[in-house]
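S.K.: The file below is coords-v6.pdb, PDB, C-alpha atoms and all ligand atoms:
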ATOM      1  CA  MET A   1       0.000   0.000   0.000
ATOM      2  CA  TYR A   2       1.243   3.493  -0.777
ATOM      3  CA  ALA A   3       1.735   6.114   1.909
ATOM      4  CA  GLY A   4      -1.371   8.145   2.392
ATOM      5  CA  GLN A   5      -3.608   5.639   0.668
ATOM      6  CA  MET A   6      -6.896   4.840   2.416
ATOM      7  CA  SER A   7      -7.056   1.218   3.526
ATOM      8  CA  SER A   8     -10.321   0.701   1.607
ATOM      9  CA  SER A   9      -8.809   1.869  -1.714
ATOM     10  CA  PRO A  10      -7.766  -0.800  -4.167
ATOM     11  CA  ARG A  11      -4.000  -1.117  -4.623
ATOM     12  CA  ARG A  12      -2.684   0.766  -7.641
ATOM     13  CA  ARG A  13      -1.810  -1.608 -10.479
ATOM     14  CA  ASN A  14       1.838  -1.813 -11.471
ATOM     15  CA  LEU A  15       2.866  -1.419 -15.123
ATOM     16  CA  LEU A  16       2.788  -5.139 -15.881
ATOM     17  CA  GLU A  17      -0.631  -5.534 -14.271
ATOM     18  CA  GLN A  18      -1.941  -2.644 -16.355
ATOM     19  CA  ARG A  19      -0.610  -4.346 -19.486
ATOM     20  CA  VAL A  20      -2.232  -7.668 -18.555
ATOM     21  CA  GLU A  21      -5.518  -5.902 -17.834
ATOM     22  CA  ARG A  22      -5.500  -4.450 -21.340
ATOM     23  CA  ILE A  23      -4.841  -7.907 -22.812
ATOM     24  CA  LEU A  24      -7.650  -9.473 -20.781
ATOM     25  CA  ALA A  25      -9.993  -6.657 -21.816
ATOM     26  CA  GLN A  26      -9.564  -7.860 -25.401
ATOM     27  CA  SER A  27     -11.392 -11.092 -24.495
ATOM     28  CA  PRO A  28     -14.753  -9.834 -23.228
ATOM     29  CA  GLY A  29     -17.007 -12.532 -21.854
ATOM     30  CA  GLN A  30     -14.207 -15.100 -21.735
ATOM     31  CA  GLU A  31     -14.199 -16.665 -18.262
ATOM     32  CA  ASP A  32     -12.116 -19.797 -18.801
ATOM     33  CA  PRO A  33      -8.796 -19.411 -16.925
ATOM     34  CA  SER A  34      -6.952 -21.623 -19.411
ATOM     35  CA  ASP A  35      -8.118 -19.619 -22.420
ATOM     36  CA  LEU A  36      -7.286 -16.341 -20.687
ATOM     37  CA  ALA A  37      -3.810 -17.615 -19.768
ATOM     38  CA  GLU A  38      -3.232 -18.661 -23.386
ATOM     39  CA  ARG A  39      -4.344 -15.214 -24.530
ATOM     40  CA  VAL A  40      -1.848 -13.546 -22.162
ATOM     41  CA  GLN A  41       0.926 -15.894 -23.264
ATOM     42  CA  SER A  42       0.208 -15.234 -26.937
ATOM     43  CA  VAL A  43       1.063 -11.570 -26.330
ATOM     44  CA  LEU A  44       3.708 -11.676 -23.559
ATOM     45  CA  ALA A  45       5.294 -15.067 -24.348
ATOM     46  CA  CYS A  46       4.595 -16.095 -20.754
ATOM     47  CA  VAL A  47       2.009 -15.898 -17.987
ATOM     48  CA  PRO A  48       3.684 -13.926 -15.191
ATOM     49  CA  PRO A  49       2.485 -14.233 -11.577
ATOM     50  CA  GLU A  50       0.703 -10.875 -11.861
ATOM     51  CA  ALA A  51      -1.416 -12.287 -14.690
ATOM     52  CA  ARG A  52      -2.396 -15.301 -12.619
ATOM     53  CA  SER A  53      -3.771 -13.017  -9.895
ATOM     54  CA  LEU A  54      -5.703 -10.961 -12.428
ATOM     55  CA  ILE A  55      -7.116 -14.094 -14.083
ATOM     56  CA  SER A  56      -8.197 -15.261 -10.632
ATOM     57  CA  GLU A  57      -9.919 -11.902  -9.992
ATOM     58  CA  ARG A  58     -11.527 -11.885 -13.419
ATOM     59  CA  THR A  59     -12.908 -15.432 -13.294
ATOM     60  CA  GLY A  60     -13.777 -15.582  -9.581
ATOM     61  CA  ARG A  61     -11.639 -18.736  -9.275
ATOM     62  CA  SER A  62      -9.180 -18.901  -6.392
ATOM     63  CA  LEU A  63      -5.525 -18.177  -7.093
ATOM     64  CA  ALA A  64      -4.733 -21.769  -6.066
ATOM     65  CA  GLU A  65      -7.137 -23.064  -8.713
ATOM     66  CA  VAL A  66      -5.609 -20.847 -11.384
ATOM     67  CA  GLU A  67      -2.103 -21.960 -10.341
ATOM     68  CA  ALA A  68      -3.194 -25.609 -10.550
ATOM     69  CA  ILE A  69      -4.589 -25.060 -14.051
ATOM     70  CA  MET A  70      -1.330 -23.388 -15.096
ATOM     71  CA  GLU A  71       0.753 -26.235 -13.702
ATOM     72  CA  SER A  72      -1.350 -28.893 -15.413
ATOM     73  CA  ASP A  73      -0.730 -27.332 -18.834
ATOM     74  CA  PRO A  74       2.909 -27.715 -19.901
ATOM     75  CA  SER A  75       2.457 -25.244 -22.765
ATOM     76  CA  LEU A  76       1.983 -22.390 -20.274
ATOM     77  CA  THR A  77       5.100 -20.847 -18.783
ATOM     78  CA  ALA A  78       5.917 -18.056 -16.312
ATOM     79  CA  ASP A  79       9.284 -17.422 -17.977
ATOM     80  CA  PRO A  80       9.485 -15.196 -21.074
ATOM     81  CA  ASN A  81      12.287 -17.459 -22.380
ATOM     82  CA  ALA A  82      14.326 -14.616 -23.808
ATOM     83  CA  ARG A  83      18.120 -14.893 -23.794
ATOM     84  CA  HIS A  84      18.407 -11.506 -22.046
ATOM     85  CA  ARG A  85      16.243  -9.311 -19.840
ATOM     86  CA  VAL A  86      16.589  -5.556 -20.408
ATOM     87  CA  THR A  87      14.946  -3.313 -17.832
ATOM     88  CA  ILE A  88      14.760   0.427 -18.305
ATOM     89  CA  CYS A  89      14.199   2.687 -15.345
ATOM     90  CA  THR A  90      11.246   4.961 -15.943
ATOM     91  CA  GLY A  91      11.306   6.456 -12.450
ATOM     92  CA  LYS A  92      11.023  10.253 -12.265
ATOM     93  CA  THR A  93      14.739  11.098 -12.300
ATOM     94  CA  CYS A  94      15.725   8.582 -14.965
ATOM     95  CA  ALA A  95      12.734   9.420 -17.166
ATOM     96  CA  ARG A  96      13.628  13.134 -17.038
ATOM     97  CA  ARG A  97      17.296  12.494 -17.823
ATOM     98  CA  GLY A  98      16.647  10.321 -20.871
ATOM     99  CA  GLY A  99      15.113   7.082 -19.585
ATOM    100  CA  ALA A 100      11.820   7.702 -21.373
ATOM    101  CA  ALA A 101      13.717   8.248 -24.645
ATOM    102  CA  LEU A 102      15.738   5.055 -24.040
ATOM    103  CA  LEU A 103      12.525   3.093 -23.656
ATOM    104  CA  ARG A 104      11.117   4.546 -26.898
ATOM    105  CA  ARG A 105      14.372   3.714 -28.656
ATOM    106  CA  ALA A 106      14.346   0.128 -27.366
ATOM    107  CA  ARG A 107      10.728  -0.420 -28.436
ATOM    108  CA  GLN A 108      11.553   0.803 -31.935
ATOM    109  CA  LYS A 109      14.797  -1.098 -32.290
ATOM    110  CA  LEU A 110      13.474  -4.374 -30.864
ATOM    111  CA  GLU A 111      10.038  -3.949 -32.451
ATOM    112  CA  ALA A 112       8.648  -5.076 -29.121
ATOM    113  CA  GLU A 113       6.397  -3.399 -26.596
ATOM    114  CA  CYS A 114       6.999  -3.363 -22.846
ATOM    115  CA  PHE A 115       6.831  -6.860 -21.315
ATOM    116  CA  GLU A 116       7.397  -8.452 -24.701
ATOM    117  CA  THR A 117      10.273 -10.428 -26.168
ATOM    118  CA  SER A 118      11.862  -9.380 -29.464
ATOM    119  CA  SER A 119      10.886 -11.696 -32.314
ATOM    120  CA  ASP A 120      14.417 -13.204 -32.426
ATOM    121  CA  GLY A 121      13.989 -14.309 -28.796
ATOM    122  CA  ALA A 122      17.022 -12.269 -27.722
ATOM    123  CA  VAL A 123      15.600  -9.581 -25.467
ATOM    124  CA  TYR A 124      12.696  -9.307 -23.055
ATOM    125  CA  LEU A 125      11.946  -5.618 -22.520
ATOM    126  CA  GLU A 126      10.427  -4.181 -19.375
ATOM    127  CA  PRO A 127      10.168  -0.799 -17.656
ATOM    128  CA  PHE A 128      10.756  -0.418 -13.918
ATOM    129  CA  ARG A 129      10.164   2.453 -11.516
ATOM    130  CA  CYS A 130      13.439   3.286  -9.773
ATOM    131  CA  PHE A 131      16.352   0.973  -9.056
ATOM    132  CA  GLY A 132      17.273   3.225  -6.117
ATOM    133  CA  GLN A 133      20.371   4.503  -7.941
ATOM    134  CA  CYS A 134      18.973   7.810  -9.184
ATOM    135  CA  ALA A 135      22.312   9.657  -8.930
ATOM    136  CA  MET A 136      23.525   7.674 -11.966
ATOM    137  CA  ALA A 137      20.399   8.367 -14.053
ATOM    138  CA  PRO A 138      19.415   7.359 -16.603
ATOM    139  CA  ASN A 139      19.816   3.727 -15.613
ATOM    140  CA  ILE A 140      19.150   0.476 -17.377
ATOM    141  CA  ARG A 141      19.596  -3.077 -16.119
ATOM    142  CA  ILE A 142      20.770  -5.956 -18.277
ATOM    143  CA  ASP A 143      20.377  -9.447 -16.829
ATOM    144  CA  GLY A 144      20.587  -8.067 -13.305
ATOM    145  CA  GLY A 145      23.506  -5.651 -13.789
ATOM    146  CA  VAL A 146      22.665  -1.937 -13.553
ATOM    147  CA  ARG A 147      24.436   0.431 -15.960
ATOM    148  CA  GLY A 148      24.186   4.137 -15.271
ATOM    149  CA  ALA A 149      24.599   7.363 -17.246
ATOM    150  CA  MET A 150      23.295   5.546 -20.297
ATOM    151  CA  THR A 151      23.276   7.320 -23.641
ATOM    152  CA  GLY A 152      21.158   6.404 -26.633
ATOM    153  CA  GLU A 153      24.214   5.447 -28.685
ATOM    154  CA  ARG A 154      25.702   3.187 -25.985
ATOM    155  CA  PHE A 155      22.354   1.591 -25.404
ATOM    156  CA  GLU A 156      21.896   0.747 -29.075
ATOM    157  CA  LEU A 157      25.370  -0.819 -29.184
ATOM    158  CA  LEU A 158      24.511  -2.923 -26.130
ATOM    159  CA  LEU A 159      21.255  -4.076 -27.722
ATOM    160  CA  ASP A 160      23.151  -5.031 -30.884
ATOM    161  CA  MET A 161      25.600  -7.072 -28.796
ATOM    162  CA  LEU A 162      22.790  -8.858 -26.959
ATOM    163  CA  ARG A 163      21.149  -9.852 -30.245
ATOM    164  CA  ARG A 164      24.278 -11.403 -31.788
TER     165      ARG A 164
HETATM  166  S1  LIG B 201      14.628   7.009 -10.974
HETATM  167 FE1  LIG B 201      15.913   5.599 -11.984
HETATM  168  S2  LIG B 201      17.100   4.738 -10.398
HETATM  169 FE2  LIG B 201      15.746   6.080  -9.401
END
In structure tokens, write the structure found in this file.
Ligand code: FES

M.R.:
Amino acid sequence: MYAGQMSSSPRRRNLLEQRVERILAQSPGQEDPSDLAERVQSVLACVPPEARSLISERTGRSLAEVEAIMESDPSLTADPNARHRVTICTGKTCARRGGAALLRRARQKLEAECFETSSDGAVYLEPFRCFGQCAMAPNIRIDGGVRGAMTGERFELLLDMLRR
């Protein structure tokens, strides 16, 4: 819960949850957890834990039931299966110092939206709000390693290296 939030207010959705909600909204009337999970996976290449919770909310089935359905279907996976995970900080400081432009650049270059994997399977792209290293903004993270003071040119070179 965020500071100052009333206890009766619903928790604010994070970026991935918002993305999953939009995907689920494209299947109006669909209440089968398996079909909804397949729909999410067709877009995101996986069914992340956040999606399982939202499918549970949407269908009125318990999270345990949704988890059991996921585990019984070997075609459904929680892992995007990309060779690399690239996370771009879109927190206030990073966004202002070029993080927002880095994210736009990555989406164009990879031809992938946030929380998607590039079609060559090389890079899973995701935004994140603040790694807690704002002094080095703008920051990106590649496979767990944060790199600060990122420029557009350096970032494109790194993406090229990851895709080789
Ligand atoms: S805003 Fe990017 S690390 Fe804090």

S.K.: Show me, as a PyMOL selection string, the residues that have an atom within 12 Å of Asp73 in chain A when counting all atoms listed in the file, minus same-chain residues fewer than 2 positions from it.

M.R.: chain A and resi 33-35+37-38+47+66-71+75-78

S.K.: Taking (12.2, 6.8, -16.8) in the file's own coordinates, collect the residues within 12 Å, counting all atoms listed in the file, and hand them back as a ChimeraX atom specification.

M.R.: /A:87-104,126-131,134,137-140,150

S.K.: Tell me which of A:His84, A:Leu110, A:Arg58, A:Ala64 sits closest to Arg141 in chain A, counting only C-alpha atoms.

M.R.: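 Nearest to Arg141 in chain A: A:His84.
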
S.K.: Could you state the separation of CA of Asp32 in chain A and CA of Thr117 in chain A in Å, given to one decimal place?

M.R.: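 Pair CA of Asp32 in chain A / CA of Thr117 in chain A returns 25.4 Å.
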
S.K.: Which neighbours of Arg163 in chain A fall inside 8 Å, counting all atoms listed in the file, when residues of the same chain fewer than 2 positions from it are skipped, and could you give them as a tab-separated table (two decimals) with C-alpha atoms, in the coordinates of the input?

M.R.:
chain	number	residue	atom	x	y	z
A	120	ASP	CA	14.42	-13.20	-32.43
A	122	ALA	CA	17.02	-12.27	-27.72
A	123	VAL	CA	15.60	-9.58	-25.47
A	159	LEU	CA	21.26	-4.08	-27.72
A	160	ASP	CA	23.15	-5.03	-30.88
A	161	MET	CA	25.60	-7.07	-28.80

S.K.: Provide the CA of Cys114 in chain A to CA of Leu44 in chain A distance in Å, to one decimal place.

M.R.: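 Rounded to one decimal, the two atoms are 9.0 Å apart.
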
S.K.: Counting only C-alpha atoms, which residue out of A:Gly60, A:Pro74, A:Gly29, A:Gly121 sits closest to Ala45 in chain A?

M.R.: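 Of the candidates, the smallest distance to Ala45 in chain A is held by A:Gly121.
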